[in-house]
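Working notes, structure below.
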Amino acid sequence: MHSTLHGMPPRSGDGLDSWRRSPRVSAHGKTISIRVAASLSDLMQVVAIRAAVYLSEQCCPYDEEFDSNDFCAMHLIGAIGGEPAAAMRIRFFADFAKLERLAVRHEFRRTPLAFEICRAATELCRLKGYTRLYGHVQEKLIPFWKRFGGRPLEPRRPLVFSDYDYTEMVLDTNRHPEALSLDSDPYVLIRPEGEWDKTGPLEISAQRPVTSPVHNKQAA
């Protein structure tokens, strides 16, 4: 119900924007785009998409779909022709990232959007240095996700929630060649999430004269 794993062959020549770049278009010739939710409006779109899929279609109780983890996770939004159509949540742990809450609006399920948001999530995790992804997959979808590199986690443990059976799955990949680390430019590390290839607001602020009282006192 909530999570899927999608593995794609790594593209070693890609840069810090590799997770956003995709040549795919929808069946109607409209561009598919993926972005990190970065505003209240974006979070409202995430809620609307998940409510349409899980609360409406699967009759999931509100408290089970919208938990406190929404405020400590990264959210991706997939759009077709600018229309918000899919969402995914990613939570980051010490040695793995967890992909969850994948939702695609019913009218967009015959497009490549589900594949693209999963590809973007995988690539984004690689850029953050993760080599193992983890998720919960509905039993009926195990064969589908095996096609993309996911495999059931062994030994298998019973997992049932919100009226569905799930299987724990893992996807092992390799670290992105430009993965963020302590060796990265410090200005890159303070750029907005997912926008590591673009000049950030704090880099622009560095062009102003330093006016900190502490700095002025030391200068005197």
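In the structure tokens, chains take letters A, B, ... by order of appearance, with residues numbered from 1 within each chain and ligands from 1 in the order shown.
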Surrounding residues of Ala103 (chain A) excluding itself and chain neighbours under 6 positions, 12 Å, only C-alpha atoms, as a PyMOL selection string: chain A and resi 1-4+45-58+65+75-78+84-89+109+113-115+117-118
Selected residue of minimal separation from Leu171 (chain A) among A:Ala79, A:Leu124, A:Leu99, A:Ile190, counting only C-alpha atoms: A:Leu99
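Reported to one decimal place, the separation of CA of Val170 (chain A) from CA of Leu133 (chain A) is 5.6 Å.
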Residues of region 62-106 of chain A in alpha helix (DSSP H), written as a count of residues only: 4
Work out how far apart CA of Val36 (chain A) and CA of Ala73 (chain A) are and give it in Å to one decimal. 10.8 Å
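Nearest residue to Val25 (chain A) among A:Cys60, A:Val137, A:Ile80, A:Ala37 is A:Ile80, counting only C-alpha atoms.
Proximity to Gly81 (chain A) was assessed for A:Lys198, A:Lys30, A:Arg157, A:Arg151 counting only C-alpha atoms; the smallest distance is recorded for A:Lys30.
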As a ChimeraX atom specification, which residues of region 38-189 of chain A does DSSP assign to strand (DSSP E)? /A:74-80,83-92,97-104,132-138,151-152,160-161,164-172
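For region 172-182 of chain A, the non-local neighbours within 6 Å, defined as residues at least 4 positions apart in the same chain or in other chains and counting only C-alpha atoms, are Arg126, Leu127, Lys128, Gly129, Thr131 and Arg132 of chain A.
Taking only C-alpha atoms into account, Met74 (chain A) lies nearest to A:Pro192 out of the set A:Pro192, A:Gly135, A:Pro209, A:Pro201.
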Test item: residues at most 8 Å from Gly82 (chain A), only C-alpha atoms, excluding those fewer than 4 positions along its chain, as a ChimeraX atom specification: /A:31-33
With N, CA and C atoms kept, could you save the residues just selected as an mmCIF file, in the first residue's frame?
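To be explicit, this is the file written out as again_38.cif:
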data_model
loop_
_atom_site.group_PDB
_atom_site.id
_atom_site.type_symbol
_atom_site.label_atom_id
_atom_site.label_comp_id
_atom_site.auth_asym_id
_atom_site.auth_seq_id
_atom_site.Cartn_x
_atom_site.Cartn_y
_atom_site.Cartn_z
ATOM 1 N N THR A 31 5.232 16.720 -20.389
ATOM 2 C CA THR A 31 6.480 16.485 -19.677
ATOM 3 C C THR A 31 6.239 16.009 -18.249
ATOM 4 N N ILE A 32 7.007 15.018 -17.836
ATOM 5 C CA ILE A 32 6.998 14.542 -16.460
ATOM 6 C C ILE A 32 8.115 15.237 -15.692
ATOM 7 N N SER A 33 7.813 15.750 -14.527
ATOM 8 C CA SER A 33 8.827 16.393 -13.694
ATOM 9 C C SER A 33 8.702 15.887 -12.266
#
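Counting from CA of Glu203 (chain A), the distance to CA of Leu43 (chain A) is 26.0 Å.
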Taking only C-alpha atoms into account, name the residue in A:Gly29, A:Gly15, A:Gly194, A:Gly149 that is nearest to Cys125 (chain A). A:Gly194
